[in-house]
Each structure stands twice: as C-alpha cells, then as structure tokens.
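*Asks:* To be precise about what I am sending: the file is called query.cif and holds mmCIF, C-alpha atoms.
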```cif
data_upload
loop_
_atom_site.label_atom_id
_atom_site.label_comp_id
_atom_site.auth_asym_id
_atom_site.auth_seq_id
_atom_site.Cartn_x
_atom_site.Cartn_y
_atom_site.Cartn_z
CA MET A 186 -4.52 -18.45 -4.17
CA THR A 187 -4.73 -14.68 -4.25
CA VAL A 188 -3.22 -12.56 -1.51
CA ALA A 189 -3.85 -8.82 -1.18
CA LEU A 190 -1.46 -6.46 0.54
CA MET A 191 -2.74 -3.16 1.91
CA TRP A 192 -0.37 -0.28 2.58
CA GLU A 193 -1.71 2.89 4.24
CA ALA A 194 0.08 6.09 5.18
CA ARG A 195 -0.89 9.52 6.44
CA ALA A 196 1.07 12.43 5.06
CA ALA A 197 2.63 15.09 7.20
CA GLN A 198 0.58 18.30 7.39
CA GLY A 199 0.05 19.74 3.90
CA ARG A 200 2.06 17.03 2.11
CA GLY A 201 -0.76 14.80 0.83
CA ALA A 202 -0.12 15.56 -2.86
CA GLU A 203 3.58 14.86 -2.39
CA LEU A 204 2.88 11.51 -0.69
CA LEU A 205 0.48 10.55 -3.48
CA ALA A 206 3.11 11.41 -6.10
CA TRP A 207 5.73 9.41 -4.17
CA VAL A 208 3.44 6.36 -4.08
CA ARG A 209 2.68 6.64 -7.80
CA GLY A 210 6.43 6.67 -8.52
CA GLN A 211 7.14 3.45 -6.62
CA ARG A 212 7.55 0.40 -8.85
CA LEU A 213 7.34 -3.18 -7.64
CA SER A 214 9.31 -5.93 -9.34
CA PRO A 215 7.77 -8.18 -10.28
CA ALA A 216 4.59 -6.22 -10.79
CA PRO A 217 1.43 -7.34 -8.96
CA LEU A 218 -1.59 -8.77 -10.77
CA ARG A 219 -3.45 -5.59 -9.86
CA ARG A 220 -2.69 -2.37 -8.00
CA GLU A 221 -5.05 0.35 -6.78
CA VAL A 222 -4.13 3.68 -5.24
CA LEU A 223 -6.77 5.52 -3.21
CA ARG A 224 -6.81 8.67 -1.10
CA ALA A 225 -8.95 9.87 1.77
CA PRO A 226 -9.37 12.94 3.97
CA GLN A 227 -6.54 13.90 6.32
CA ASP A 228 -4.00 13.26 3.51
CA ARG A 229 -4.25 9.46 3.74
CA VAL A 230 -3.05 7.26 0.88
CA LEU A 231 -3.98 3.59 0.52
CA VAL A 232 -2.39 1.11 -1.89
CA ILE A 233 -3.80 -2.37 -2.45
CA THR A 234 -1.82 -4.89 -4.48
CA TRP A 235 -3.02 -8.35 -5.51
CA TRP A 236 -0.67 -11.29 -6.00
CA ASP A 237 -1.06 -14.85 -7.27
CA ALA A 238 0.72 -16.26 -4.22
CA GLU A 239 0.26 -18.04 -0.92
CA TYR A 240 -0.65 -15.96 2.14
CA ASP A 241 2.88 -15.98 3.58
CA ALA A 242 4.71 -15.67 0.24
CA ASP A 243 7.59 -13.26 -0.08
CA VAL A 244 6.21 -10.60 -2.45
CA PRO A 245 7.44 -7.04 -3.01
CA GLU A 246 5.97 -4.36 -0.75
CA LEU A 247 6.11 -0.59 -0.86
CA PRO A 248 8.80 0.79 1.45
CA GLU A 249 8.41 3.34 4.22
CA PRO A 250 8.54 6.87 2.78
CA ASP A 251 10.98 9.42 4.12
CA GLY A 252 10.08 10.16 7.75
CA GLU A 253 9.40 13.82 7.04
CA LEU A 254 6.80 12.94 4.38
CA VAL A 255 4.52 10.99 6.75
CA SER A 256 3.04 11.80 10.14
CA ARG A 257 3.37 8.24 11.48
CA SER A 258 4.64 4.81 10.47
CA VAL A 259 2.98 3.06 7.55
CA HIS A 260 0.25 0.55 8.39
CA ARG A 261 0.36 -2.77 6.53
CA TRP A 262 -2.13 -5.63 6.34
CA ARG A 263 -2.23 -8.86 4.39
CA PHE A 264 -5.42 -10.67 3.36
CA GLU A 265 -6.20 -13.81 1.41
CA ALA A 266 -9.13 -14.15 -0.97
CA VAL A 267 -11.95 -16.47 0.11
CA GLU A 268 -14.70 -17.93 -2.00
CA GLU A 269 -18.24 -16.75 -1.32
#
```
Mind turning the file's structure into structure tokens?

*Replies:*
Amino acid sequence: MTVALMWEARAAQGRGAELLAWVRGQRLSPAPLRREVLRAPQDRVLVITWWDAEYDADVPELPEPDGELVSRSVHRWRFEAVEE
C-alpha cells in the first residue's frame, strides 16, 4: 500500500523564501519513496511525501517550524492510494 502525507504551512509576512529554505533543509530518515515541495501565493509551502506503508504506519513527518516563521500551525493530512 502507498500512503501520502501532506504538510502545508503559511509563512509569516515576508518570510516565504525563508520557510521554503527551511523545508528544503529538513531531512527525513528513512527517506520517503518520493517527495515534492510546492509553493503558492500568500507564502504557502506544501510538501507531499509518499511511503510504502499502511495508512496508520509510523513514518517520519516534517516538524513544526519555529513559531515566528509561520503565521499559523501547520496543517497535516494523510491519504492512501486507491486503484482507479
């Protein structure tokens, strides 16, 4: 089974580039099968990681950044792959 974890944060005013750099510097051990980093308006950063694991498996997740770097708590979602 494949499970995908989504991690989304909104940077504090004017700190989008810093949040993006912070995310890029975070390493997960073990590494996921795949990892994508995306950005959006309003200094939002989204990270999706894919794991060969069960839905409720204990897999590494990105931590909360320093409170001054983000404008609110990180949002997290977990999804499982389904066949079409």

*Asks:* Out of A:Ala189, A:Val267, A:Leu247, A:Ala225, which residue has the shortest atom-to-atom distance to A:Arg212 when counting all atoms listed in the file?

*Replies:*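 Closest to A:Arg212, using all atoms listed in the file: A:Leu247.
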
*Asks:* Between A:Met186, A:Val230, A:Leu213, A:Ala242, which residue has the minimum interatomic distance to A:Leu254, considering only C-alpha atoms?

*Replies:* A:Val230

*Asks:* Looking at all atoms listed in the file, which of A:Thr234, A:Ser258, A:Pro245, A:Gly252 is the one that sits closest to A:Val188?

*Replies:*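 Under the stated criterion, the closest residue is A:Thr234.
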
*Asks:* Using all atoms listed in the file for the distances, tell me which of A:Pro250, A:Asp228, A:Arg195, A:Val244 is nearest to A:Val208.

*Replies:* A:Pro250

*Asks:* Go through A:Glu246, A:Asp251, A:Glu203, A:Asp237 and flag the residue nearest A:Ala266, using all atoms listed in the file for the distances.

*Replies:* A:Asp237

*Asks:* Enter the distance from atom CA of A:Glu265 to atom CA of A:Arg224, in Å, rounded to one decimal.

*Replies:*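 According to the coordinates, atom CA of A:Glu265 and atom CA of A:Arg224 are separated by 22.6 Å.
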
*Asks:* Go through the shown structure with the PyMOL selection byres ((chain A and resi 218) around 7) and write out the matching residues as a VMD selection string.

*Replies:* chain A and resid 216 to 217 219 235 to 236

*Asks:* What is the distance between atom CA of A:Arg229 and atom CA of A:Leu205, in Å to one decimal?

*Replies:*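 Between these atoms lies a distance of 8.7 Å.
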
*Asks:* Can you tell me how far atom CA of A:Glu193 sits from atom CA of A:Pro226, in Å to one decimal?

*Replies:* 12.6 Å

*Asks:* Taking all atoms listed in the file into account, which of A:Val255, A:Ala206, A:Ala238, A:Ile233 comes nearest A:Thr187?

*Replies:*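 Looking at the shortest contact to A:Thr187, the residue is A:Ala238.
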
*Asks:* What does the PyMOL selection byres ((chain A and resi 262) around 9) select in this file, as a list in words?

*Replies:*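 Evaluating the PyMOL selection byres ((chain A and resi 262) around 9) on these coordinates yields Ala189, Leu190, Met191, Trp192, Glu193, His260, Arg261, Arg263 and Phe264 of chain A.
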
*Asks:* On this structure, the PyMOL selection byres ((chain A and resi 222) around 6) would catch which residues? List them as a VMD selection string, sorted by chain and number.

*Replies:* chain A and resid 221 223 231 to 232

*Asks:* Could you put an axis-aligned box around every listed atom of stretch 231-249 of chain A, padded by 8 Å on each side, and send me its centre and edge lengths in Å to one decimal, as lines of an AutoDock Vina configuration file?

*Replies:*
```
center_x = 2.4
center_y = -7.2
center_z = -1.5
size_x = 28.8
size_y = 37.6
size_z = 27.5
```
